[in-house]
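Listing of upload_11.txt; format and content: compact mmCIF, C-alpha atoms.
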# COMPACT_ATOMS: atom_id res chain seq x y z
CA MET A 1323 -2.26 -40.23 -26.19
CA ASN A 1324 -1.57 -36.88 -24.59
CA SER A 1325 -2.10 -33.83 -26.76
CA PRO A 1326 0.97 -31.60 -27.19
CA SER A 1327 1.03 -28.36 -25.20
CA LEU A 1328 2.58 -25.03 -26.07
CA PRO A 1329 5.62 -23.90 -24.07
CA SER A 1330 4.99 -21.15 -21.54
CA GLU A 1331 7.37 -18.78 -23.37
CA ILE A 1332 5.25 -18.94 -26.54
CA ILE A 1333 2.02 -18.38 -24.61
CA LEU A 1334 3.47 -15.47 -22.65
CA TYR A 1335 5.47 -13.58 -25.27
CA ASN A 1336 3.68 -14.50 -28.51
CA ILE A 1337 0.07 -14.67 -27.38
CA LEU A 1338 -0.45 -12.70 -24.16
CA THR A 1339 1.63 -9.74 -25.36
CA ARG A 1340 -0.99 -9.29 -28.10
CA SER A 1341 -4.00 -9.66 -25.82
CA SER A 1342 -5.84 -7.17 -23.59
CA LEU A 1343 -5.30 -5.93 -20.06
CA GLU A 1344 -8.27 -7.98 -18.87
CA THR A 1345 -6.86 -11.17 -20.40
CA ILE A 1346 -3.46 -10.60 -18.78
CA GLY A 1347 -5.17 -10.01 -15.45
CA ARG A 1348 -6.90 -13.37 -15.69
CA SER A 1349 -3.73 -15.18 -16.78
CA ARG A 1350 -1.88 -14.00 -13.68
CA VAL A 1351 -3.93 -16.30 -11.45
CA VAL A 1352 -2.82 -19.40 -13.41
CA CYS A 1353 0.46 -19.77 -11.52
CA LYS A 1354 3.12 -17.76 -9.71
CA ASN A 1355 5.51 -18.00 -12.66
CA TRP A 1356 3.04 -16.36 -15.04
CA ASN A 1357 2.20 -13.71 -12.47
CA GLN A 1358 5.86 -12.85 -12.00
CA THR A 1359 6.72 -12.92 -15.71
CA THR A 1360 3.83 -10.64 -16.70
CA HIS A 1361 5.11 -8.06 -14.19
CA GLU A 1362 8.65 -7.93 -15.60
CA GLU A 1363 10.05 -5.06 -17.66
CA HIS A 1364 10.75 -7.16 -20.77
CA PHE A 1365 7.16 -8.39 -20.93
CA PHE A 1366 5.81 -4.87 -20.34
CA GLN A 1367 7.80 -3.34 -23.18
CA GLN A 1368 6.78 -6.04 -25.64
CA PHE A 1369 3.14 -5.86 -24.54
CA TYR A 1370 2.86 -2.08 -25.00
CA HIS A 1371 4.72 -2.26 -28.29
CA ASN A 1372 2.27 -4.84 -29.70
CA THR A 1373 -0.97 -3.41 -28.30
CA LYS A 1374 -0.17 0.33 -28.50
CA MET A 1375 -1.79 0.96 -25.13
CA VAL A 1376 -1.26 4.02 -22.96
CA TYR A 1377 0.95 3.90 -19.90
CA GLY A 1378 2.10 6.90 -17.91
CA ILE A 1379 1.27 9.23 -15.04
CA PHE A 1380 -0.85 12.33 -14.52
CA THR A 1381 0.95 15.09 -12.64
CA GLN A 1382 -1.26 17.65 -10.94
CA GLN A 1383 0.18 21.09 -10.35
CA VAL A 1384 -1.34 23.90 -8.32
CA ASN A 1385 -1.19 27.46 -9.60
CA CYS A 1386 -3.23 30.23 -7.95
CA ASN A 1387 -5.34 27.61 -6.12
CA LYS A 1388 -6.22 25.96 -9.45
CA TYR A 1389 -5.20 22.46 -10.46
CA SER A 1390 -3.64 21.69 -13.82
CA PRO A 1391 -3.42 17.95 -14.71
CA THR A 1392 -0.76 16.94 -17.24
CA PHE A 1393 -0.12 13.49 -18.69
CA VAL A 1394 3.44 12.17 -18.94
CA SER A 1395 4.20 9.01 -20.93
CA THR A 1396 6.65 6.64 -19.22
CA THR A 1397 7.31 4.29 -22.14
CA GLU A 1398 8.38 4.83 -25.72
CA ALA A 1399 5.92 2.21 -26.95
CA ASN A 1400 2.89 4.41 -26.26
CA PRO A 1401 1.00 5.54 -29.36
CA ILE A 1402 0.53 9.00 -27.87
CA SER A 1403 2.81 11.01 -25.63
CA GLN A 1404 0.07 13.41 -24.55
CA LEU A 1405 -3.40 12.76 -23.20
CA PRO A 1406 -5.20 16.13 -22.96
CA LEU A 1407 -8.32 16.58 -20.86
CA ASN A 1408 -9.62 19.54 -22.86
CA PHE A 1409 -12.89 17.71 -23.58
CA LEU A 1410 -13.86 17.98 -19.90
CA PRO A 1411 -15.40 21.03 -18.18
CA LYS A 1412 -12.84 23.30 -16.50
CA PRO A 1413 -11.43 23.81 -13.93
CA LEU A 1414 -10.60 20.19 -13.21
CA GLU A 1415 -8.96 18.32 -10.36
CA ILE A 1416 -8.14 14.59 -10.48
CA GLU A 1417 -9.16 12.77 -7.32
CA ALA A 1418 -8.42 9.12 -8.15
CA VAL A 1419 -7.51 6.75 -11.00
CA THR A 1420 -8.27 3.07 -11.66
CA LYS A 1421 -6.19 0.44 -13.46
CA LYS A 1422 -8.92 0.26 -16.12
CA GLY A 1423 -8.13 3.81 -17.23
CA LEU A 1424 -11.00 5.56 -15.42
CA LEU A 1425 -10.47 8.96 -13.82
CA LEU A 1426 -12.49 10.42 -10.98
CA CYS A 1427 -12.40 14.20 -11.28
CA LEU A 1428 -13.84 17.21 -9.48
CA ASN A 1429 -15.21 20.20 -11.38
CA ASP A 1430 -15.50 23.23 -9.10
CA ARG A 1431 -16.56 25.83 -11.62
CA TYR A 1432 -19.71 26.65 -9.68
CA ARG A 1433 -20.45 27.17 -6.01
CA ILE A 1434 -21.33 23.50 -5.55
CA PRO A 1435 -18.61 21.27 -7.07
CA ARG A 1436 -19.56 18.38 -9.37
CA TYR A 1437 -17.91 14.97 -9.59
CA LEU A 1438 -17.44 13.20 -12.90
CA VAL A 1439 -15.99 9.93 -14.20
CA CYS A 1440 -14.14 9.80 -17.52
CA LYS A 1441 -11.92 7.63 -19.72
CA PRO A 1442 -9.37 9.95 -21.39
CA THR A 1443 -8.34 7.55 -24.16
CA THR A 1444 -11.90 7.32 -25.53
CA ARG A 1445 -12.95 10.84 -24.41
CA GLU A 1446 -16.00 9.48 -22.60
CA TRP A 1447 -17.22 11.21 -19.46
CA ARG A 1448 -20.30 11.64 -17.30
CA PHE A 1449 -21.33 13.55 -14.19
CA ILE A 1450 -22.25 11.46 -11.16
CA PRO A 1451 -24.46 12.44 -8.20
CA ASN A 1452 -22.80 14.53 -5.54
CA PRO A 1453 -22.03 13.31 -2.02
CA LYS A 1454 -22.45 15.61 0.98
CA THR A 1455 -20.06 18.28 -0.29
CA ARG A 1456 -20.39 20.33 2.88
CA TYR A 1457 -18.04 17.82 4.51
CA GLN A 1458 -14.36 18.30 3.65
CA THR A 1459 -12.80 15.42 1.72
CA ARG A 1460 -9.79 13.65 3.22
CA ALA A 1461 -9.22 10.91 0.64
CA MET A 1462 -10.95 9.31 -2.35
CA ALA A 1463 -10.47 6.09 -4.29
CA ILE A 1464 -12.18 4.34 -7.18
CA THR A 1465 -12.03 0.74 -8.34
CA VAL A 1466 -13.65 -1.31 -11.11
CA LEU A 1467 -15.41 -4.45 -9.88
CA GLY A 1468 -16.78 -5.60 -13.25
CA SER A 1469 -16.30 -4.81 -16.93
CA ILE A 1470 -19.39 -6.22 -18.67
CA PRO A 1471 -21.46 -4.36 -17.66
CA LEU A 1472 -19.24 -1.71 -16.15
CA HIS A 1473 -19.45 -1.73 -12.37
CA TYR A 1474 -17.35 0.55 -10.20
CA LYS A 1475 -17.40 1.92 -6.67
CA ILE A 1476 -16.05 5.15 -5.24
CA LEU A 1477 -14.81 5.56 -1.68
CA ARG A 1478 -14.86 8.98 -0.01
CA LEU A 1479 -13.39 9.63 3.43
CA SER A 1480 -14.47 12.98 4.84
CA TYR A 1481 -14.45 14.89 8.10
CA PRO A 1482 -17.76 14.69 10.02
CA LYS A 1483 -19.28 17.42 12.15
CA LEU A 1484 -17.72 15.93 15.26
CA LEU A 1485 -14.00 15.70 14.43
CA CYS A 1486 -12.91 14.10 17.73
CA VAL A 1487 -14.51 11.81 20.29
CA ILE A 1488 -13.49 10.53 23.71
CA HIS A 1489 -13.41 6.74 23.67
CA LYS A 1490 -12.00 4.50 26.42
CA SER A 1491 -10.20 7.37 28.19
CA GLY A 1492 -8.56 8.54 24.96
CA ILE A 1493 -9.10 11.17 22.29
CA PHE A 1494 -9.73 9.82 18.81
CA SER A 1495 -10.06 11.54 15.46
CA CYS A 1496 -12.98 10.57 13.25
CA LEU A 1497 -13.63 10.09 9.56
CA GLN A 1498 -16.91 9.18 7.92
CA VAL A 1499 -17.22 6.77 4.99
CA GLU A 1500 -19.33 7.37 1.88
CA ILE A 1501 -19.70 4.86 -0.97
CA PHE A 1502 -20.93 5.46 -4.51
CA ASP A 1503 -22.13 2.36 -6.39
CA SER A 1504 -22.58 2.68 -10.16
CA ARG A 1505 -25.25 -0.06 -10.13
CA ILE A 1506 -27.67 1.86 -7.92
CA TRP A 1507 -26.28 5.24 -9.01
CA LYS A 1508 -26.28 6.89 -5.61
CA TRP A 1509 -24.14 7.52 -2.55
CA LYS A 1510 -24.64 5.95 0.84
CA ARG A 1511 -22.97 6.80 4.12
CA LEU A 1512 -21.92 4.11 6.57
CA SER A 1513 -23.26 4.54 10.08
CA GLU A 1514 -19.99 3.68 11.84
CA LEU A 1515 -17.21 6.29 11.97
CA ILE A 1516 -13.53 5.48 11.54
CA LYS A 1517 -11.74 6.21 14.81
CA PHE A 1518 -7.97 6.44 15.28
CA PRO A 1519 -5.70 8.24 17.79
CA HIS A 1520 -5.71 12.01 17.42
CA ASP A 1521 -1.93 12.09 16.79
CA GLU A 1522 -2.18 9.56 13.92
CA TYR A 1523 -2.76 10.69 10.34
CA LEU A 1524 -3.36 9.04 6.97
CA HIS A 1525 -0.25 9.02 4.79
CA THR A 1526 0.40 7.13 1.55
CA MET A 1527 -2.45 5.34 -0.24
CA VAL A 1528 -2.88 2.66 -2.90
CA THR A 1529 -5.76 0.55 -4.28
CA VAL A 1530 -5.02 -3.10 -5.12
CA ARG A 1531 -7.11 -6.26 -5.40
CA GLY A 1532 -10.38 -4.45 -4.82
CA SER A 1533 -9.25 -2.89 -1.55
CA PHE A 1534 -8.06 0.54 -0.49
CA TYR A 1535 -4.91 0.63 1.69
CA CYS A 1536 -3.58 3.62 3.56
CA LEU A 1537 -0.43 3.82 5.66
CA THR A 1538 -0.69 5.93 8.81
CA THR A 1539 2.00 7.96 10.54
CA ASN A 1540 2.17 5.33 13.34
CA ASN A 1541 3.05 2.57 10.83
CA ASN A 1542 -0.44 1.07 10.87
CA ILE A 1543 -2.40 0.23 7.73
CA PHE A 1544 -6.05 1.07 7.19
CA VAL A 1545 -7.78 -1.21 4.68
CA PHE A 1546 -11.25 -0.88 3.15
CA ASP A 1547 -12.79 -3.69 1.11
CA PHE A 1548 -14.95 -2.37 -1.75
CA GLU A 1549 -16.86 -5.65 -2.15
CA THR A 1550 -17.94 -6.15 1.45
CA GLU A 1551 -17.71 -2.44 2.40
CA ASN A 1552 -15.92 -3.33 5.63
CA TRP A 1553 -12.77 -1.77 7.01
CA GLU A 1554 -10.11 -2.54 9.62
CA PHE A 1555 -6.68 -1.52 10.95
CA PHE A 1556 -3.64 -3.77 11.26
CA SER A 1557 -0.02 -3.14 12.25
CA LEU A 1558 3.07 -3.66 10.15
CA PRO A 1559 5.20 -6.63 11.21
CA TYR A 1560 8.56 -6.36 12.95
CA PRO A 1561 10.87 -4.61 12.14
CA LEU A 1562 8.69 -2.39 9.93
CA CYS A 1563 6.51 -1.44 12.89
CA GLU A 1564 9.46 0.28 14.58
CA LEU A 1565 9.15 4.05 14.08
CA ASN A 1566 12.95 4.48 13.87
CA TYR A 1567 13.45 1.64 11.36
CA THR A 1568 13.36 3.95 8.34
CA GLN A 1569 14.31 7.54 7.57
CA SER A 1570 10.71 8.77 7.37
CA ILE A 1571 10.10 7.57 3.78
CA MET A 1572 7.64 4.69 3.52
CA GLN A 1573 5.51 4.29 0.41
CA LEU A 1574 2.71 1.83 -0.28
CA VAL A 1575 2.91 0.48 -3.83
CA GLU A 1576 1.43 -2.24 -5.99
CA TYR A 1577 3.81 -5.17 -6.48
CA GLU A 1578 2.92 -8.19 -8.63
CA GLY A 1579 -0.75 -7.29 -8.34
CA GLY A 1580 -0.62 -7.21 -4.53
CA LEU A 1581 0.33 -4.86 -1.74
CA GLY A 1582 3.94 -3.74 -1.48
CA LEU A 1583 5.91 -1.35 0.68
CA ILE A 1584 9.07 0.63 -0.10
CA CYS A 1585 11.01 1.99 2.85
CA LEU A 1586 14.21 4.04 2.99
CA VAL A 1587 16.61 2.32 5.40
CA ASN A 1588 19.48 4.78 4.96
CA GLU A 1589 20.72 7.28 2.40
CA GLU A 1590 21.82 4.58 -0.05
CA TRP A 1591 19.50 1.65 0.51
CA MET A 1592 15.81 1.01 0.11
CA GLU A 1593 13.91 -2.16 0.92
CA LEU A 1594 10.97 -3.58 -1.00
CA TRP A 1595 8.51 -5.66 1.00
CA MET A 1596 5.41 -7.51 -0.18
CA MET A 1597 2.42 -8.86 1.70
CA GLU A 1598 2.29 -12.64 1.30
CA SER A 1599 -0.77 -13.54 3.36
CA TYR A 1600 -3.67 -11.14 3.81
CA ARG A 1601 -5.35 -13.32 6.41
CA GLU A 1602 -2.30 -13.82 8.62
CA ASN A 1603 -0.72 -10.41 7.87
CA THR A 1604 2.66 -11.85 6.92
CA TRP A 1605 5.23 -9.87 4.91
CA ARG A 1606 8.39 -10.82 3.05
CA ARG A 1607 11.37 -8.69 2.10
CA VAL A 1608 11.75 -9.04 -1.65
CA LYS A 1609 14.63 -6.79 -2.68
CA ASN A 1610 17.30 -4.47 -1.36
CA LEU A 1611 17.56 -1.47 -3.68
CA ASN A 1612 20.94 0.24 -3.92
CA PHE A 1613 20.61 3.99 -4.62
CA GLU A 1614 24.31 4.78 -4.47
CA THR A 1615 24.64 5.36 -8.23
CA LEU A 1616 21.50 7.48 -8.19
CA ILE A 1617 22.67 9.72 -5.38
CA LYS A 1618 25.99 10.40 -7.13
CA GLN A 1619 24.22 11.76 -10.22
CA GLU A 1620 24.22 15.52 -10.46
CA GLY A 1621 20.84 17.08 -9.90
CA TYR A 1622 19.28 14.17 -7.99
CA GLY A 1623 21.19 13.99 -4.73
CA HIS A 1624 19.28 13.11 -1.59
CA TYR A 1625 15.92 14.45 -2.80
CA ALA A 1626 14.91 11.34 -4.74
CA SER A 1627 11.79 9.65 -3.37
CA PRO A 1628 9.79 6.69 -4.76
CA MET A 1629 6.46 7.36 -6.46
CA ALA A 1630 5.29 3.98 -7.76
CA LEU A 1631 6.47 0.74 -9.32
CA CYS A 1632 6.05 0.42 -13.07
CA ASN A 1633 6.76 -3.31 -12.79
CA ASN A 1634 9.07 -5.67 -10.90
CA ASP A 1635 12.21 -4.08 -12.34
CA VAL A 1636 11.52 -0.35 -12.80
CA MET A 1637 10.48 2.33 -10.34
CA LEU A 1638 9.23 5.89 -10.84
CA ILE A 1639 11.42 8.35 -8.90
CA ASN A 1640 10.60 11.97 -8.10
CA ASN A 1641 13.28 14.46 -7.08
CA TYR A 1642 10.97 17.52 -6.90
CA MET A 1643 12.25 18.78 -10.26
CA ASN A 1644 11.54 15.96 -12.70
CA ILE A 1645 10.63 12.28 -12.94
CA MET A 1646 12.88 9.42 -13.93
CA LEU A 1647 12.74 5.68 -14.42
CA TYR A 1648 15.12 3.73 -12.18
CA ASP A 1649 16.06 0.16 -13.16
CA PHE A 1650 16.82 -2.13 -10.20
CA ARG A 1651 18.73 -4.65 -12.30
CA ASN A 1652 21.65 -2.46 -13.36
CA GLY A 1653 21.15 0.72 -11.30
CA SER A 1654 20.59 2.86 -14.41
CA SER A 1655 18.18 5.80 -14.51
CA LYS A 1656 16.49 7.62 -17.36
CA PRO A 1657 14.79 11.04 -17.05
CA ILE A 1658 11.32 11.39 -18.51
CA LYS A 1659 10.77 14.23 -20.95
CA MET A 1660 8.29 16.71 -19.53
CA GLU A 1661 6.84 19.94 -20.91
CA CYS A 1662 6.75 21.62 -17.51
CA SER A 1663 8.60 21.49 -14.20
CA LEU A 1664 7.35 19.58 -11.18
CA ARG A 1665 7.44 22.65 -8.96
CA GLY A 1666 4.07 23.00 -7.31
CA CYS A 1667 3.09 19.44 -8.20
CA LYS A 1668 1.07 17.93 -5.37
CA LYS A 1669 -0.24 14.61 -6.67
CA PHE A 1670 0.73 11.83 -9.08
CA PHE A 1671 -1.62 9.27 -10.61
CA LYS A 1672 -0.45 6.20 -12.56
CA LEU A 1673 -2.57 5.41 -15.62
CA GLU A 1674 -2.78 2.24 -17.70
CA SER A 1675 -5.48 2.23 -20.36
CA ASP A 1676 -6.63 0.84 -23.70
CA PHE A 1677 -8.79 2.42 -26.41
CA VAL A 1678 -11.88 0.25 -25.95
CA PRO A 1679 -15.05 2.35 -25.37
CA ILE A 1680 -16.98 1.75 -22.18
CA ASN A 1681 -20.55 2.47 -21.16
CA LEU A 1682 -20.66 5.29 -18.63
CA LYS A 1683 -24.43 5.81 -18.93
CA THR A 1684 -26.82 5.66 -16.00
CA PRO A 1685 -28.23 2.15 -15.46
CA LEU A 1686 -31.63 1.70 -17.15
CA SER A 1687 -33.36 0.75 -13.91
CA ARG A 1688 -32.04 3.86 -12.25
CA ARG A 1689 -33.05 6.11 -15.15
CA ALA A 1690 -36.60 4.74 -15.04
CA PHE A 1691 -36.70 5.31 -11.30
CA ASP A 1692 -35.43 8.86 -11.69
CA SER A 1693 -38.03 9.62 -14.40
CA LYS A 1694 -40.84 8.24 -12.25
CA SER A 1695 -39.60 10.13 -9.19
CA LEU A 1696 -39.43 13.36 -11.20
CA LYS A 1697 -43.03 13.01 -12.39
CA THR A 1698 -44.20 12.17 -8.86
CA SER A 1699 -42.37 15.19 -7.45
CA ILE A 1700 -43.96 17.53 -10.00
CA LEU A 1701 -47.46 16.20 -9.32
CA ASN A 1702 -46.93 16.48 -5.57
CA PHE A 1703 -45.71 20.04 -5.97
CA ILE A 1704 -48.82 20.99 -7.96
CA ALA A 1705 -51.25 19.16 -5.71
CA LYS A 1706 -49.70 20.23 -2.41
CA PRO A 1707 -51.52 23.61 -2.15
CA PHE A 1708 -54.86 21.85 -2.48
CA SER A 1709 -54.37 19.34 0.30
CA GLY A 1710 -54.34 19.55 4.06
CA LEU A 1711 -55.60 22.23 6.43
CA GLU A 1712 -54.60 25.10 4.16
CA SER A 1713 -56.85 24.01 1.25
CA PHE A 1714 -59.65 26.39 2.25
CA GLY A 1715 -57.32 29.41 2.28
CA TYR A 1716 -55.96 28.55 -1.17
CA PHE A 1717 -59.53 28.11 -2.45
CA ILE A 1718 -60.55 31.59 -1.23
CA PHE A 1719 -57.40 33.08 -2.76
CA LEU A 1720 -58.12 31.53 -6.17
CA LEU A 1721 -61.77 32.55 -6.00
CA VAL A 1722 -60.90 36.21 -5.34
CA PHE A 1723 -58.31 36.12 -8.12
CA LEU A 1724 -60.86 34.77 -10.64
CA ILE A 1725 -63.50 37.37 -9.63
CA ASN A 1726 -61.01 40.22 -10.10
CA PHE A 1727 -59.96 38.78 -13.44
CA LEU A 1728 -63.55 38.58 -14.70
CA LEU A 1729 -64.38 42.12 -13.49
CA ASN A 1730 -61.37 43.51 -15.34
CA ILE A 1731 -62.51 41.81 -18.54
CA LEU A 1732 -66.12 43.02 -18.26
CA SER A 1733 -65.07 46.57 -17.50

When written as structure tokens, how does the structure in this file appear?
Amino acid sequence: MNSPSLPSEIILYNILTRSSLETIGRSRVVCKNWNQTTHEEHFFQQFYHNTKMVYGIFTQQVNCNKYSPTFVSTTEANPISQLPLNFLPKPLEIEAVTKKGLLLCLNDRYRIPRYLVCKPTTREWRFIPNPKTRYQTRAMAITVLGSIPLHYKILRLSYPKLLCVIHKSGIFSCLQVEIFDSRIWKWKRLSELIKFPHDEYLHTMVTVRGSFYCLTTNNNIFVFDFETENWEFFSLPYPLCELNYTQSIMQLVEYEGGLGLICLVNEEWMELWMMESYRENTWRRVKNLNFETLIKQEGYGHYASPMALCNNDVMLINNYMNIMLYDFRNGSSKPIKMECSLRGCKKFFKLESDFVPINLKTPLSRRAFDSKSLKTSILNFIAKPFSGLESFGYFIFLLVFLINFLLNILS
């Protein structure tokens, strides 16, 4: 006799909407229907209402060459509308954000900047070792590879000493790759440089499924896998590869847990594409987004540009003055209440976080190694003058010093 099973609607809306972000992430691999349903607006609203988690974006404004991060809630179900970073050392600049609620920040209070990782909802933070800060940073990304224990990696693309090289009768720009692994608690630099044509530049970026994706100005995509630490370039399929296919606006986004692309076809239409096969590099056009009602609204006009997808039905739109939520289903838009204007805002970071504390401490093996290395360094520093060819000179110096000291006492 077969045991009765619960309907999918009860599991999704009565059980999963009261679970955690990690549980929902695991349930999305059960089937395509669950993956699609858990990315819909109705499920999102019920989930955040039941769990009281934080969902919103950090806007980062620049004033007098100083960054000022501000959190903006994008749903009414959030328990808090503000998420201050006043517990962190100032000044502060956000470099990257993970889906687990971790922030990678840069503190440049002193001559040598310091990097730190924090979780704003639990007010936990910790400094991490510095990379080679003499190299200018081009892009950074962070992703969580494991929760128990916490395991994350940080990617840093920077400009090397040699910015350009001549390769196969062409001039190529170069970027070097540095990786920070929280397990070994140190940075390492890959030996191979990233080379791309000198007239090609990195554009929009997104981190999904443990990989970092970046769209270039020539409609190519650079991808870096955090697990294997390998990278490659691949081209967009036709017709997306055509440079005149869109009106200059192409934005990489996360769609249903995978890689998506939003492109502006004309003044009233946008297309949403998703990557179906990562091995074969096949894409599928998912939706045609009509922006006619949005353009007619006073104050938005033709300046609206996509920022990110909240879910399958709602998009974050930026019109250089404020942020709004745009619903694909009925074409409605809703401005988000903000305490300050978006003038001077350079970066946006989407945040989704719970209130569960995490362990940001240095791994025990690494702390023991650091303690042993420190003791060894101190002993070597003390013993160095008494070793080698200069030992006789140091001995004479100490002997003369002791004789003068004794004579001063006797006199």

Output as a tab-separated table one row per residue of segment 1441-1546 of chain A within 9 Å of segment 1678-1683 of chain A: the closest atom pair and its distance in Å to one decimal place, counting only C-alpha atoms, sorted by chain and residue number ascending.
residue	atom	partner	partner_atom	distance
A:Lys1441	CA	A:Ile1680	CA	8.1
A:Thr1443	CA	A:Val1678	CA	8.3
A:Thr1444	CA	A:Pro1679	CA	5.9
A:Arg1445	CA	A:Pro1679	CA	8.8
A:Glu1446	CA	A:Leu1682	CA	7.4
A:Trp1447	CA	A:Leu1682	CA	6.9
A:Arg1448	CA	A:Leu1682	CA	6.5
A:Ser1469	CA	A:Ile1680	CA	8.4
A:Pro1471	CA	A:Asn1681	CA	7.7
A:Leu1472	CA	A:Asn1681	CA	6.7

Would you kindly return, as a JSON list (two decimals) with C-alpha atoms, keeping the file's coordinate frame, each protein, DNA or RNA residue with an atom no farther than 8 Å from any atom of Leu1334 of chain A, considering all atoms listed in the file and excluding same-chain residues fewer than 4 positions away?
[["chain", "number", "residue", "atom", "x", "y", "z"],
["A", 1330, "SER", "CA", 4.99, -21.15, -21.54],
["A", 1338, "LEU", "CA", -0.45, -12.70, -24.16],
["A", 1339, "THR", "CA", 1.63, -9.74, -25.36],
["A", 1356, "TRP", "CA", 3.04, -16.36, -15.04],
["A", 1360, "THR", "CA", 3.83, -10.64, -16.70]]

- Selection near segment 1534-1540 of chain A, 9 Å with all atoms listed in the file, sequence-local residues under 5 positions removed, as number ranges by chain: A: 1463-1465, 1477, 1521-1529, 1545-1548, 1557, 1563-1565, 1572-1574, 1581

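Considering all atoms listed in the file, the residue among A:Asn1634, A:Asn1640, A:Ser1341, A:Ser1675 positioned nearest to Gly1378 of chain A is A:Ser1675.
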
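When atom CA of Thr1455 of chain A is paired with atom CA of Ile1543 of chain A, their separation reads 26.5 Å.
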
- Message: Which residues are close to Glu1417 of chain A, i.e. within 9 Å by all atoms listed in the file, leaving aside same-chain residues fewer than 4 positions away? Reply as JSON, numbers by chain.
- Response: {"A": [1425, 1426, 1427, 1428, 1461, 1462, 1463, 1464, 1671]}

- Between atom CA of Glu1593 of chain A and atom CA of Asn1610 of chain A, what is the spacing in Å?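 Computing it gives 4.7 Å between the two atoms.
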
- Record the distance separating atom CA of Gly1423 of chain A and atom CA of Pro1442 of chain A, expressed in Å with one decimal. 7.5 Å

- All residues 12 Å or closer to His1371 of chain A, only C-alpha atoms, same chain fewer than 2 positions away omitted, as number ranges by chain: A: 1335, 1339-1341, 1364-1369, 1373-1377, 1397-1401

Selected residues written out, C-alpha atoms, as a PDB file, in the frame of the given file:
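Result file follows (result.pdb):
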ATOM      1  CA  TYR A1335       5.470 -13.580 -25.270  1.00  0.00           C
ATOM      2  CA  THR A1339       1.630  -9.740 -25.360  1.00  0.00           C
ATOM      3  CA  ARG A1340      -0.990  -9.290 -28.100  1.00  0.00           C
ATOM      4  CA  SER A1341      -4.000  -9.660 -25.820  1.00  0.00           C
ATOM      5  CA  HIS A1364      10.750  -7.160 -20.770  1.00  0.00           C
ATOM      6  CA  PHE A1365       7.160  -8.390 -20.930  1.00  0.00           C
ATOM      7  CA  PHE A1366       5.810  -4.870 -20.340  1.00  0.00           C
ATOM      8  CA  GLN A1367       7.800  -3.340 -23.180  1.00  0.00           C
ATOM      9  CA  GLN A1368       6.780  -6.040 -25.640  1.00  0.00           C
ATOM     10  CA  PHE A1369       3.140  -5.860 -24.540  1.00  0.00           C
ATOM     11  CA  THR A1373      -0.970  -3.410 -28.300  1.00  0.00           C
ATOM     12  CA  LYS A1374      -0.170   0.330 -28.500  1.00  0.00           C
ATOM     13  CA  MET A1375      -1.790   0.960 -25.130  1.00  0.00           C
ATOM     14  CA  VAL A1376      -1.260   4.020 -22.960  1.00  0.00           C
ATOM     15  CA  TYR A1377       0.950   3.900 -19.900  1.00  0.00           C
ATOM     16  CA  THR A1397       7.310   4.290 -22.140  1.00  0.00           C
ATOM     17  CA  GLU A1398       8.380   4.830 -25.720  1.00  0.00           C
ATOM     18  CA  ALA A1399       5.920   2.210 -26.950  1.00  0.00           C
ATOM     19  CA  ASN A1400       2.890   4.410 -26.260  1.00  0.00           C
ATOM     20  CA  PRO A1401       1.000   5.540 -29.360  1.00  0.00           C
TER      21      PRO A1401
END

- Query: Counting all atoms listed in the file, which of A:Ile1516, A:Leu1724, A:Leu1631, A:Leu1611 gets nearest to Phe1555 of chain A?
  - Reply: A:Ile1516
